[in-house]
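**Student:** This is the structure, below, for whatever I ask next.
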Number of protein chains: 2
Amino acid sequence: MSSSLFLKISEKLFFKFGYRRVTIKDICEGASLSKMTFYRYFKNKEEVAKIVLKNIIDESNKKFESIMESDNLFINKIENLILLNESLIDRIGSDFLNDIISLKANIFKSLIDKQSIYEERKIEEYFKKAQKAGELNKKTPISFFIYMLKDIQEKLQDEKLKRLYSNEKDLMKDLTNYYFFGIAPKNKEM
Amino acid sequence: MSSSLFLKISEKLFFKFGYRRVTIKDICEGASLSKMTFYRYFKNKEEVAKIVLKNIIDESNKKFESIMESDNLFINKIENLILLNESLIDRIGSDFLNDIISLKANIFKSLIDKQSIYEERKIEEYFKKAQKAGELNKKTPISFFIYMLKDIQEKLQDEKLKRLYSNEKDLMKDLTNYYFFGIAPKNKEM
DNA sequence: TAATATTGTTACTATATTTGTAATATTTAA
DNA sequence: TTAAATATTACAAATATAGTAACAATATTA
């Protein structure tokens, strides 16, 4: 099917070069198909980008749910969550997101905002569950855990911290341990 | 100095996105300077790209010479040469070179061709020296060694081969050993 | 400090690229 | 073989980019 080929190529180009640097011509040449064929399936570049974005959001939500619904320890879920986030950033690259967010038409912005809100709600939901199950301190407000989780994720990008480790995965392990054993109600085995 | 900032930003953008996807506007915004200031220092984008290309060529030639003039064993020189080549490809990326080679105006092409010829001559020169010093089989024509060196460098990009190794450096070591002990006049110590 | 050189900005036109479409051709499948 | 689906070419309209003129600010030096 031509339309899925267009999507595949578009995604590849968008993630590599960002949105504005990729033209419809580039996408068509990448797919070895004509422009008119492109317009048979899509209204314009914006529509393709919206689908690409939607796909990646759906995909990441599925992964998110499957991590949180697994029967791992809570600490492992958090670790997998951070890993998921990292690999997403790696794959999408910053240019695509920066480009579409800074467009006048804020169709993308609203999509992303919607996703952020959805994700935050889901995280809150799962943290509440964990709190009920005694996996988190019951007296601390959930919003604190979430605030600190974001803080930890930012620290994973911190150049100074990265330089302390030869391996980024080790930094992640230490950060997750730091995060979890600071919020755990009692000490469990490593 | 503004001009070196322009060059620095240009290089960064060219290596990341290629030549055609980068506009003078991008370069100016990256350097936080106006377009007119750009035109004070450079005639156009082509000129900047030429300088960027020239700089990288000069730099790589210096490194090449310093490797070949070092007093390492010949096998280590070859290994360093392959390493140098690989890190260059990594840094420049394929988009920049592809873009400027496929331009109508073949100013870039001639620069690159010139460099290839220069490099080939230099390699020939150093291989002849090594042959004289008994580090290479005297009966084999130099062109054979060079042909095989290129073959080895291509194999380093071979996806099938890469898949056999978890670490790319290990593949390189094996390939270099393979190359060298195939052409050595007698077995030396590992 | 006044004159001059240097570096920078804004605002604009010319040019080039990209978009999106109409008219037309080719392929597929019943 | 004919109709429907799919693709191509060639082009006008919209948009983005390149390059410049006229002017402003800042630094240099006599």
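As shown in the structure tokens, the chain order sets the letters A, B, ...; within each chain, residues go from 1, and ligands are also counted from 1 in the order they appear.
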Kindly assemble as CSV a list of the chain A residues that lie within 10 Å of chain B, each paired with its nearest atom pair and their distance in Å to one decimal, using only C-alpha atoms, sorted first by chain and then by ascending residue number.

**Tutor:**
residue,atom,partner,partner_atom,distance
A:Lys16,CA,B:Phe17,CA,8.2
A:Phe17,CA,B:Phe17,CA,6.1
A:Gly18,CA,B:Phe17,CA,9.3
A:Arg20,CA,B:Arg21,CA,9.2
A:Arg21,CA,B:Arg21,CA,5.7
A:Val22,CA,B:Arg21,CA,7.9
A:Thr23,CA,B:Arg21,CA,9.6

**Student:** Might you pull out every residue within 10 Å of range 2-13 of chain D, with only C-alpha atoms (C1' of nucleotides) counted and same-chain residues fewer than 3 positions away left off, and present them as a VMD selection string?

**Tutor:** (chain A and resid 33 to 37 40) or (chain C and resid 19 to 30)

**Student:** Pairing the C-alpha atoms in order across the whole chain, superpose chain A onto chain B by least squares and write the result as a tab-separated table (two decimals) with C-alpha atoms, in the first residue's frame.

**Tutor:**
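And here is the file that came out, result.tsv:
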chain	number	residue	atom	x	y	z
A	1	MET	CA	35.39	36.97	15.46
A	2	SER	CA	32.04	36.68	13.72
A	3	SER	CA	33.28	34.82	10.66
A	4	SER	CA	34.61	31.90	12.66
A	5	LEU	CA	31.32	31.69	14.54
A	6	PHE	CA	29.48	31.52	11.22
A	7	LEU	CA	31.84	28.76	10.15
A	8	LYS	CA	31.36	26.85	13.36
A	9	ILE	CA	27.58	26.98	13.14
A	10	SER	CA	27.61	26.23	9.42
A	11	GLU	CA	29.72	23.16	9.96
A	12	LYS	CA	27.43	21.94	12.69
A	13	LEU	CA	24.31	22.42	10.58
A	14	PHE	CA	25.83	21.05	7.37
A	15	PHE	CA	27.09	17.92	9.05
A	16	LYS	CA	23.76	17.33	10.70
A	17	PHE	CA	21.29	18.19	7.93
A	18	GLY	CA	23.37	18.23	4.76
A	19	TYR	CA	23.95	21.19	2.44
A	20	ARG	CA	20.65	21.86	0.71
A	21	ARG	CA	18.47	21.64	3.81
A	22	VAL	CA	20.42	24.40	5.54
A	23	THR	CA	19.58	28.00	4.64
A	24	ILE	CA	21.62	31.13	5.27
A	25	LYS	CA	18.81	32.16	7.58
A	26	ASP	CA	19.39	29.01	9.65
A	27	ILE	CA	23.08	29.78	9.89
A	28	CYS	CA	22.42	33.39	10.93
A	29	GLU	CA	19.86	32.38	13.52
A	30	GLY	CA	22.22	29.75	14.86
A	31	ALA	CA	24.92	32.38	15.22
A	32	SER	CA	22.45	35.01	16.50
A	33	LEU	CA	23.68	37.40	13.83
A	34	SER	CA	22.01	39.14	10.92
A	35	LYS	CA	22.05	38.09	7.31
A	36	MET	CA	23.84	41.25	6.22
A	37	THR	CA	26.63	40.39	8.62
A	38	PHE	CA	26.85	37.02	6.99
A	39	TYR	CA	27.23	38.64	3.58
A	40	ARG	CA	29.98	40.86	4.89
A	41	TYR	CA	32.15	37.78	5.40
A	42	PHE	CA	30.94	35.39	2.73
A	43	LYS	CA	29.77	35.62	-0.85
A	44	ASN	CA	27.12	32.97	-0.41
A	45	LYS	CA	26.31	29.60	1.12
A	46	GLU	CA	28.52	27.86	-1.41
A	47	GLU	CA	31.56	29.76	-0.23
A	48	VAL	CA	30.95	28.87	3.40
A	49	ALA	CA	30.54	25.24	2.48
A	50	LYS	CA	33.76	25.34	0.50
A	51	ILE	CA	35.64	26.68	3.52
A	52	VAL	CA	34.04	24.13	5.82
A	53	LEU	CA	34.99	21.37	3.41
A	54	LYS	CA	38.51	22.73	2.99
A	55	ASN	CA	38.99	22.87	6.76
A	56	ILE	CA	37.90	19.31	7.29
A	57	ILE	CA	40.13	18.14	4.46
A	58	ASP	CA	43.17	19.97	5.83
A	59	GLU	CA	42.49	18.70	9.31
A	60	SER	CA	42.15	15.11	8.17
A	61	ASN	CA	45.31	15.36	6.06
A	62	LYS	CA	47.25	16.55	9.08
A	63	LYS	CA	45.98	13.62	11.12
A	64	PHE	CA	46.75	11.25	8.26
A	65	GLU	CA	50.35	12.45	8.04
A	66	SER	CA	50.87	12.33	11.78
A	67	ILE	CA	49.66	8.73	11.84
A	68	MET	CA	51.91	7.68	8.99
A	69	GLU	CA	54.94	9.57	10.34
A	70	SER	CA	54.60	8.06	13.81
A	71	ASP	CA	56.97	5.25	14.74
A	72	ASN	CA	54.27	2.68	15.35
A	73	LEU	CA	54.28	-0.71	13.66
A	74	PHE	CA	52.84	-0.63	10.18
A	75	ILE	CA	49.81	-2.64	11.30
A	76	ASN	CA	49.01	-0.01	13.91
A	77	LYS	CA	49.30	2.75	11.37
A	78	ILE	CA	46.82	0.96	9.14
A	79	GLU	CA	44.51	0.47	12.08
A	80	ASN	CA	44.68	4.16	12.98
A	81	LEU	CA	44.07	5.06	9.36
A	82	ILE	CA	40.90	3.01	9.27
A	83	LEU	CA	39.84	4.49	12.60
A	84	LEU	CA	40.44	8.01	11.30
A	85	ASN	CA	38.39	7.31	8.21
A	86	GLU	CA	35.55	5.90	10.28
A	87	SER	CA	35.40	8.81	12.70
A	88	LEU	CA	35.42	11.25	9.79
A	89	ILE	CA	32.44	9.54	8.17
A	90	ASP	CA	30.71	9.56	11.54
A	91	ARG	CA	31.29	13.25	12.04
A	92	ILE	CA	30.52	14.57	8.58
A	93	GLY	CA	27.59	12.30	7.90
A	94	SER	CA	26.61	11.25	4.42
A	95	ASP	CA	24.08	14.01	3.70
A	96	PHE	CA	26.56	16.84	3.40
A	97	LEU	CA	28.80	15.01	0.97
A	98	ASN	CA	25.92	13.62	-1.06
A	99	ASP	CA	24.34	17.05	-1.35
A	100	ILE	CA	27.41	18.92	-2.51
A	101	ILE	CA	28.51	16.21	-4.92
A	102	SER	CA	25.14	16.17	-6.64
A	103	LEU	CA	25.12	19.93	-7.24
A	104	LYS	CA	25.22	21.13	-10.86
A	105	ALA	CA	28.21	23.38	-10.18
A	106	ASN	CA	31.00	20.87	-9.75
A	107	ILE	CA	33.27	23.05	-7.66
A	108	PHE	CA	32.86	20.70	-4.73
A	109	LYS	CA	33.27	17.60	-6.80
A	110	SER	CA	36.62	18.82	-8.09
A	111	LEU	CA	37.75	19.66	-4.56
A	112	ILE	CA	36.84	16.19	-3.37
A	113	ASP	CA	38.35	14.50	-6.39
A	114	LYS	CA	41.55	16.47	-5.85
A	115	GLN	CA	41.63	15.31	-2.25
A	116	SER	CA	41.02	11.69	-3.22
A	117	ILE	CA	43.89	11.82	-5.67
A	118	TYR	CA	46.15	13.47	-3.09
A	119	GLU	CA	45.23	10.87	-0.51
A	120	GLU	CA	45.80	7.99	-2.88
A	121	ARG	CA	49.24	9.33	-3.80
A	122	LYS	CA	50.16	9.71	-0.15
A	123	ILE	CA	49.02	6.20	0.65
A	124	GLU	CA	50.99	4.88	-2.29
A	125	GLU	CA	54.04	6.78	-1.09
A	126	TYR	CA	53.80	5.38	2.43
A	127	PHE	CA	53.15	1.87	1.20
A	128	LYS	CA	56.21	2.05	-1.01
A	129	LYS	CA	58.27	3.13	1.99
A	130	ALA	CA	56.90	0.23	3.99
A	131	GLN	CA	57.68	-2.13	1.16
A	132	LYS	CA	61.26	-0.90	1.01
A	133	ALA	CA	61.57	-1.32	4.77
A	134	GLY	CA	60.47	-4.93	4.42
A	135	GLU	CA	57.14	-4.43	6.10
A	136	LEU	CA	55.26	-5.53	2.99
A	137	ASN	CA	55.81	-8.29	0.45
A	138	LYS	CA	58.15	-6.89	-2.20
A	139	LYS	CA	56.82	-8.87	-5.16
A	140	THR	CA	53.21	-7.64	-4.89
A	141	PRO	CA	52.23	-4.42	-6.67
A	142	ILE	CA	51.33	-1.53	-4.36
A	143	SER	CA	48.02	-1.04	-6.16
A	144	PHE	CA	46.94	-4.45	-4.92
A	145	PHE	CA	47.49	-3.43	-1.28
A	146	ILE	CA	45.55	-0.23	-1.86
A	147	TYR	CA	42.72	-2.01	-3.61
A	148	MET	CA	42.44	-4.41	-0.71
A	149	LEU	CA	42.61	-1.60	1.86
A	150	LYS	CA	39.59	0.02	0.22
A	151	ASP	CA	37.87	-3.34	0.18
A	152	ILE	CA	38.49	-3.70	3.92
A	153	GLN	CA	37.11	-0.21	4.57
A	154	GLU	CA	33.96	-1.08	2.65
A	155	LYS	CA	33.56	-4.27	4.63
A	156	LEU	CA	33.56	-2.19	7.81
A	157	GLN	CA	30.25	-0.69	6.60
A	158	ASP	CA	28.81	-4.08	5.62
A	159	GLU	CA	25.62	-4.70	7.60
A	160	LYS	CA	25.93	-8.47	7.47
A	161	LEU	CA	29.43	-8.38	8.91
A	162	LYS	CA	28.46	-5.81	11.53
A	163	ARG	CA	25.72	-8.10	12.77
A	164	LEU	CA	28.32	-10.75	13.60
A	165	TYR	CA	29.83	-8.42	16.19
A	166	SER	CA	28.27	-6.74	19.19
A	167	ASN	CA	31.04	-4.16	19.10
A	168	GLU	CA	32.13	-2.40	15.92
A	169	LYS	CA	35.66	-1.91	17.19
A	170	ASP	CA	36.12	-5.68	17.43
A	171	LEU	CA	35.15	-6.08	13.80
A	172	MET	CA	37.69	-3.43	12.93
A	173	LYS	CA	40.44	-5.18	14.85
A	174	ASP	CA	39.68	-8.47	13.12
A	175	LEU	CA	39.56	-6.86	9.71
A	176	THR	CA	42.86	-5.08	10.26
A	177	ASN	CA	44.51	-8.27	11.45
A	178	TYR	CA	43.06	-10.12	8.50
A	179	TYR	CA	44.35	-7.47	6.12
A	180	PHE	CA	47.79	-7.21	7.62
A	181	PHE	CA	48.65	-10.85	8.20
A	182	GLY	CA	47.56	-11.60	4.69
A	183	ILE	CA	50.05	-9.15	3.29
A	184	ALA	CA	52.91	-9.46	5.78
A	185	PRO	CA	56.10	-11.01	4.43
A	186	LYS	CA	56.56	-13.08	7.57
A	187	ASN	CA	54.62	-13.72	10.76
A	188	LYS	CA	55.41	-11.35	13.59
A	189	GLU	CA	54.21	-11.58	17.15
A	190	MET	CA	50.60	-10.57	17.88

**Student:** For range 10-14 of chain C, work out the shell of residues within 12 Å, counting only C-alpha atoms (C1' of nucleotides) and skipping chain neighbours fewer than 6 positions away, then give it as number ranges by chain.

**Tutor:** B: 34-36; D: 17-24

**Student:** Write out as a compact mmCIF listing (two decimals) with N, CA and C atoms, in the first residue's frame all residues of range 4-141 of chain B that DSSP puts in alpha helix (DSSP H) for this structure's backbone.

**Tutor:**
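Result saved to result.txt:
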# COMPACT_ATOMS: atom_id res chain seq x y z
N SER B 4 34.34 33.28 12.23
CA SER B 4 34.61 31.91 12.69
C SER B 4 33.39 31.31 13.39
N LEU B 5 32.57 32.18 13.97
CA LEU B 5 31.32 31.69 14.56
C LEU B 5 30.39 31.18 13.47
N PHE B 6 30.28 31.98 12.39
CA PHE B 6 29.48 31.54 11.24
C PHE B 6 29.96 30.18 10.75
N LEU B 7 31.27 30.03 10.66
CA LEU B 7 31.83 28.77 10.16
C LEU B 7 31.50 27.61 11.09
N LYS B 8 31.62 27.89 12.38
CA LYS B 8 31.36 26.85 13.37
C LYS B 8 29.92 26.36 13.28
N ILE B 9 29.00 27.33 13.23
CA ILE B 9 27.57 26.99 13.15
C ILE B 9 27.26 26.29 11.83
N SER B 10 27.84 26.84 10.74
CA SER B 10 27.60 26.24 9.42
C SER B 10 28.02 24.78 9.42
N GLU B 11 29.21 24.54 9.93
CA GLU B 11 29.71 23.16 9.96
C GLU B 11 28.75 22.25 10.71
N LYS B 12 28.34 22.73 11.87
CA LYS B 12 27.44 21.95 12.70
C LYS B 12 26.15 21.61 11.93
N LEU B 13 25.56 22.63 11.31
CA LEU B 13 24.30 22.43 10.59
C LEU B 13 24.51 21.57 9.34
N PHE B 14 25.56 21.84 8.59
CA PHE B 14 25.83 21.06 7.37
C PHE B 14 26.02 19.58 7.71
N PHE B 15 26.80 19.31 8.72
CA PHE B 15 27.09 17.92 9.06
C PHE B 15 25.84 17.21 9.57
N LYS B 16 24.96 17.96 10.18
CA LYS B 16 23.75 17.33 10.72
C LYS B 16 22.68 17.15 9.65
N PHE B 17 22.44 18.22 8.85
CA PHE B 17 21.30 18.20 7.94
C PHE B 17 21.68 18.10 6.47
N ILE B 24 20.81 30.11 4.67
CA ILE B 24 21.63 31.16 5.28
C ILE B 24 20.92 31.70 6.52
N LYS B 25 19.60 31.74 6.42
CA LYS B 25 18.81 32.18 7.58
C LYS B 25 19.08 31.28 8.79
N ASP B 26 19.10 29.97 8.55
CA ASP B 26 19.39 29.03 9.65
C ASP B 26 20.74 29.33 10.28
N ILE B 27 21.72 29.55 9.42
CA ILE B 27 23.07 29.80 9.90
C ILE B 27 23.10 31.08 10.74
N CYS B 28 22.45 32.13 10.22
CA CYS B 28 22.42 33.41 10.94
C CYS B 28 21.71 33.27 12.28
N GLU B 29 20.59 32.57 12.27
CA GLU B 29 19.86 32.39 13.52
C GLU B 29 20.68 31.58 14.52
N GLY B 30 21.36 30.56 14.00
CA GLY B 30 22.21 29.75 14.86
C GLY B 30 23.32 30.58 15.49
N ALA B 31 23.83 31.54 14.73
CA ALA B 31 24.92 32.36 15.23
C ALA B 31 24.40 33.62 15.94
N LYS B 35 21.70 38.64 8.67
CA LYS B 35 22.08 38.14 7.36
C LYS B 35 23.14 39.03 6.71
N MET B 36 22.96 40.34 6.89
CA MET B 36 23.91 41.29 6.29
C MET B 36 25.31 41.04 6.82
N THR B 37 25.39 40.72 8.09
CA THR B 37 26.67 40.41 8.69
C THR B 37 27.28 39.18 8.05
N PHE B 38 26.40 38.23 7.76
CA PHE B 38 26.87 37.05 7.04
C PHE B 38 27.50 37.44 5.71
N TYR B 39 26.77 38.30 4.97
CA TYR B 39 27.25 38.68 3.63
C TYR B 39 28.47 39.58 3.68
N ARG B 40 28.76 40.12 4.84
CA ARG B 40 30.00 40.88 4.97
C ARG B 40 31.20 39.95 4.86
N TYR B 41 31.01 38.73 5.37
CA TYR B 41 32.14 37.80 5.42
C TYR B 41 32.17 36.80 4.28
N LYS B 45 26.24 30.86 0.38
CA LYS B 45 26.30 29.60 1.13
C LYS B 45 27.38 28.68 0.57
N GLU B 46 27.51 28.72 -0.76
CA GLU B 46 28.50 27.86 -1.41
C GLU B 46 29.91 28.14 -0.87
N GLU B 47 30.20 29.43 -0.71
CA GLU B 47 31.54 29.77 -0.24
C GLU B 47 31.79 29.23 1.17
N VAL B 48 30.79 29.39 2.03
CA VAL B 48 30.93 28.87 3.40
C VAL B 48 31.18 27.37 3.36
N ALA B 49 30.39 26.70 2.53
CA ALA B 49 30.52 25.24 2.46
C ALA B 49 31.90 24.84 1.96
N LYS B 50 32.40 25.64 1.00
CA LYS B 50 33.73 25.34 0.49
C LYS B 50 34.78 25.44 1.59
N ILE B 51 34.66 26.49 2.41
CA ILE B 51 35.62 26.67 3.50
C ILE B 51 35.49 25.54 4.52
N VAL B 52 34.26 25.22 4.85
CA VAL B 52 34.02 24.13 5.80
C VAL B 52 34.66 22.84 5.28
N LEU B 53 34.43 22.58 4.01
CA LEU B 53 34.98 21.36 3.40
C LEU B 53 36.50 21.40 3.39
N LYS B 54 37.03 22.55 3.02
CA LYS B 54 38.49 22.72 2.99
C LYS B 54 39.09 22.47 4.37
N ASN B 55 38.47 23.04 5.39
CA ASN B 55 38.98 22.87 6.75
C ASN B 55 39.02 21.41 7.16
N ILE B 56 37.96 20.70 6.84
CA ILE B 56 37.89 19.31 7.27
C ILE B 56 38.91 18.47 6.50
N ILE B 57 39.13 18.84 5.24
CA ILE B 57 40.13 18.13 4.44
C ILE B 57 41.53 18.37 5.01
N ASP B 58 41.84 19.64 5.28
CA ASP B 58 43.16 19.96 5.82
C ASP B 58 43.41 19.25 7.14
N GLU B 59 42.38 19.32 7.98
CA GLU B 59 42.48 18.70 9.29
C GLU B 59 42.75 17.20 9.17
N SER B 60 42.00 16.56 8.26
CA SER B 60 42.14 15.11 8.14
C SER B 60 43.49 14.75 7.51
N ASN B 61 43.99 15.62 6.62
CA ASN B 61 45.31 15.36 6.04
C ASN B 61 46.41 15.43 7.09
N LYS B 62 46.25 16.40 7.99
CA LYS B 62 47.24 16.53 9.07
C LYS B 62 47.26 15.27 9.91
N LYS B 63 46.06 14.81 10.27
CA LYS B 63 45.97 13.60 11.10
C LYS B 63 46.55 12.40 10.36
N PHE B 64 46.24 12.33 9.08
CA PHE B 64 46.75 11.25 8.25
C PHE B 64 48.28 11.20 8.28
N GLU B 65 48.87 12.38 8.05
CA GLU B 65 50.35 12.45 8.04
C GLU B 65 50.92 12.07 9.39
N SER B 66 50.30 12.57 10.45
CA SER B 66 50.86 12.32 11.77
C SER B 66 50.77 10.84 12.12
N ILE B 67 49.75 10.18 11.60
CA ILE B 67 49.66 8.73 11.81
C ILE B 67 50.79 8.02 11.06
N MET B 68 50.95 8.39 9.80
CA MET B 68 51.93 7.67 8.97
C MET B 68 53.37 8.00 9.34
N GLU B 69 53.58 9.19 9.92
CA GLU B 69 54.94 9.57 10.32
C GLU B 69 55.29 9.07 11.73
N PHE B 74 53.66 -0.93 11.36
CA PHE B 74 52.84 -0.65 10.18
C PHE B 74 51.39 -1.05 10.39
N ILE B 75 51.19 -2.20 11.05
CA ILE B 75 49.80 -2.65 11.30
C ILE B 75 49.02 -1.64 12.13
N ASN B 76 49.69 -1.01 13.08
CA ASN B 76 48.99 -0.03 13.91
C ASN B 76 48.66 1.24 13.13
N LYS B 77 49.57 1.57 12.21
CA LYS B 77 49.30 2.73 11.37
C LYS B 77 48.04 2.48 10.52
N ILE B 78 47.98 1.31 9.93
CA ILE B 78 46.81 0.96 9.13
C ILE B 78 45.54 1.01 9.97
N GLU B 79 45.67 0.46 11.15
CA GLU B 79 44.51 0.45 12.06
C GLU B 79 44.06 1.88 12.36
N ASN B 80 45.01 2.74 12.67
CA ASN B 80 44.67 4.13 12.97
C ASN B 80 44.08 4.85 11.75
N LEU B 81 44.58 4.47 10.59
CA LEU B 81 44.07 5.05 9.35
C LEU B 81 42.60 4.70 9.17
N ILE B 82 42.29 3.45 9.38
CA ILE B 82 40.90 2.99 9.25
C ILE B 82 40.03 3.68 10.29
N LEU B 83 40.56 3.77 11.51
CA LEU B 83 39.84 4.47 12.57
C LEU B 83 39.56 5.92 12.21
N LEU B 84 40.58 6.58 11.68
CA LEU B 84 40.44 7.99 11.28
C LEU B 84 39.34 8.14 10.25
N ASN B 85 39.38 7.28 9.26
CA ASN B 85 38.39 7.29 8.20
C ASN B 85 36.98 7.12 8.75
N GLU B 86 36.86 6.17 9.66
CA GLU B 86 35.55 5.89 10.25
C GLU B 86 35.01 7.07 11.04
N SER B 87 35.88 7.69 11.84
CA SER B 87 35.40 8.79 12.68
C SER B 87 35.05 10.01 11.82
N LEU B 88 35.74 10.16 10.70
CA LEU B 88 35.42 11.24 9.77
C LEU B 88 34.02 11.06 9.19
N ILE B 89 33.77 9.84 8.70
CA ILE B 89 32.45 9.53 8.15
C ILE B 89 31.36 9.77 9.18
N ASP B 90 31.64 9.33 10.41
CA ASP B 90 30.71 9.54 11.51
C ASP B 90 30.41 11.00 11.72
N ARG B 91 31.45 11.81 11.69
CA ARG B 91 31.31 13.23 12.03
C ARG B 91 30.63 14.01 10.92
N ILE B 92 31.08 13.80 9.70
CA ILE B 92 30.53 14.58 8.57
C ILE B 92 29.13 14.11 8.21
N SER B 94 26.63 11.44 5.86
CA SER B 94 26.60 11.25 4.41
C SER B 94 25.84 12.36 3.68
N ASP B 95 24.90 13.03 4.38
CA ASP B 95 24.06 14.02 3.70
C ASP B 95 24.83 15.18 3.12
N PHE B 96 25.77 15.69 3.87
CA PHE B 96 26.55 16.84 3.39
C PHE B 96 27.30 16.48 2.12
N LEU B 97 28.02 15.40 2.15
CA LEU B 97 28.80 15.00 0.97
C LEU B 97 27.89 14.67 -0.21
N ASN B 98 26.84 13.92 0.03
CA ASN B 98 25.90 13.60 -1.05
C ASN B 98 25.35 14.87 -1.69
N ASP B 99 24.92 15.81 -0.85
CA ASP B 99 24.34 17.05 -1.36
C ASP B 99 25.30 17.81 -2.25
N ILE B 100 26.51 18.04 -1.76
CA ILE B 100 27.41 18.90 -2.52
C ILE B 100 27.96 18.20 -3.75
N ILE B 101 28.02 16.89 -3.72
CA ILE B 101 28.50 16.18 -4.92
C ILE B 101 27.46 16.22 -6.03
N ILE B 107 32.10 22.49 -8.40
CA ILE B 107 33.24 23.04 -7.66
C ILE B 107 33.62 22.13 -6.51
N PHE B 108 32.60 21.60 -5.87
CA PHE B 108 32.85 20.72 -4.74
C PHE B 108 33.43 19.40 -5.20
N LYS B 109 32.84 18.89 -6.27
CA LYS B 109 33.27 17.60 -6.79
C LYS B 109 34.77 17.63 -7.09
N SER B 110 35.21 18.73 -7.73
CA SER B 110 36.62 18.80 -8.10
C SER B 110 37.51 18.87 -6.85
N LEU B 111 37.01 19.57 -5.82
CA LEU B 111 37.75 19.64 -4.56
C LEU B 111 37.91 18.25 -3.95
N ILE B 112 36.82 17.52 -3.98
CA ILE B 112 36.84 16.18 -3.38
C ILE B 112 37.69 15.23 -4.21
N ASP B 113 37.55 15.33 -5.53
CA ASP B 113 38.37 14.49 -6.41
C ASP B 113 39.85 14.75 -6.18
N LYS B 114 40.16 16.04 -6.09
CA LYS B 114 41.55 16.46 -5.86
C LYS B 114 42.07 15.81 -4.57
N GLN B 115 41.24 15.87 -3.54
CA GLN B 115 41.62 15.31 -2.26
C GLN B 115 41.81 13.80 -2.35
N SER B 116 40.90 13.13 -3.08
CA SER B 116 41.02 11.68 -3.23
C SER B 116 42.34 11.32 -3.90
N ILE B 117 42.66 12.07 -4.95
CA ILE B 117 43.91 11.80 -5.67
C ILE B 117 45.11 12.02 -4.76
N TYR B 118 45.07 13.15 -4.04
CA TYR B 118 46.15 13.45 -3.10
C TYR B 118 46.32 12.33 -2.09
N GLU B 119 45.20 11.89 -1.54
CA GLU B 119 45.23 10.85 -0.52
C GLU B 119 45.79 9.55 -1.08
N GLU B 120 45.33 9.21 -2.28
CA GLU B 120 45.82 7.98 -2.91
C GLU B 120 47.32 8.01 -3.14
N ARG B 121 47.79 9.16 -3.60
CA ARG B 121 49.24 9.31 -3.82
C ARG B 121 50.00 9.13 -2.53
N LYS B 122 49.49 9.77 -1.47
CA LYS B 122 50.15 9.70 -0.17
C LYS B 122 50.20 8.25 0.32
N ILE B 123 49.07 7.57 0.19
CA ILE B 123 49.02 6.18 0.64
C ILE B 123 50.03 5.35 -0.16
N GLU B 124 50.05 5.58 -1.45
CA GLU B 124 51.01 4.87 -2.30
C GLU B 124 52.43 5.10 -1.82
N GLU B 125 52.72 6.36 -1.55
CA GLU B 125 54.05 6.76 -1.09
C GLU B 125 54.43 6.01 0.19
N TYR B 126 53.52 6.00 1.16
CA TYR B 126 53.80 5.36 2.43
C TYR B 126 53.89 3.84 2.30
N PHE B 127 53.09 3.30 1.40
CA PHE B 127 53.15 1.86 1.19
C PHE B 127 54.47 1.46 0.52
N LYS B 128 54.92 2.31 -0.37
CA LYS B 128 56.21 2.04 -1.02
C LYS B 128 57.33 2.04 0.00
N LYS B 129 57.30 3.03 0.88
CA LYS B 129 58.28 3.11 1.96
C LYS B 129 58.26 1.83 2.78
N ALA B 130 57.03 1.43 3.15
CA ALA B 130 56.89 0.22 3.98
C ALA B 130 57.43 -0.99 3.25
N GLN B 131 57.20 -1.02 1.96
CA GLN B 131 57.68 -2.14 1.15
C GLN B 131 59.20 -2.19 1.15
N LYS B 132 59.79 -1.04 0.97
CA LYS B 132 61.25 -0.93 0.99
C LYS B 132 61.81 -1.39 2.33

**Student:** Specify as a list of chain:residue names all residues of chain C found within 12 Å of chain B, counting only C-alpha atoms (C1' of nucleotides).

**Tutor:**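 That gives C:DT6, C:DT7, C:DG8, C:DT9, C:DT10, C:DA11, C:DT17 for chain C.
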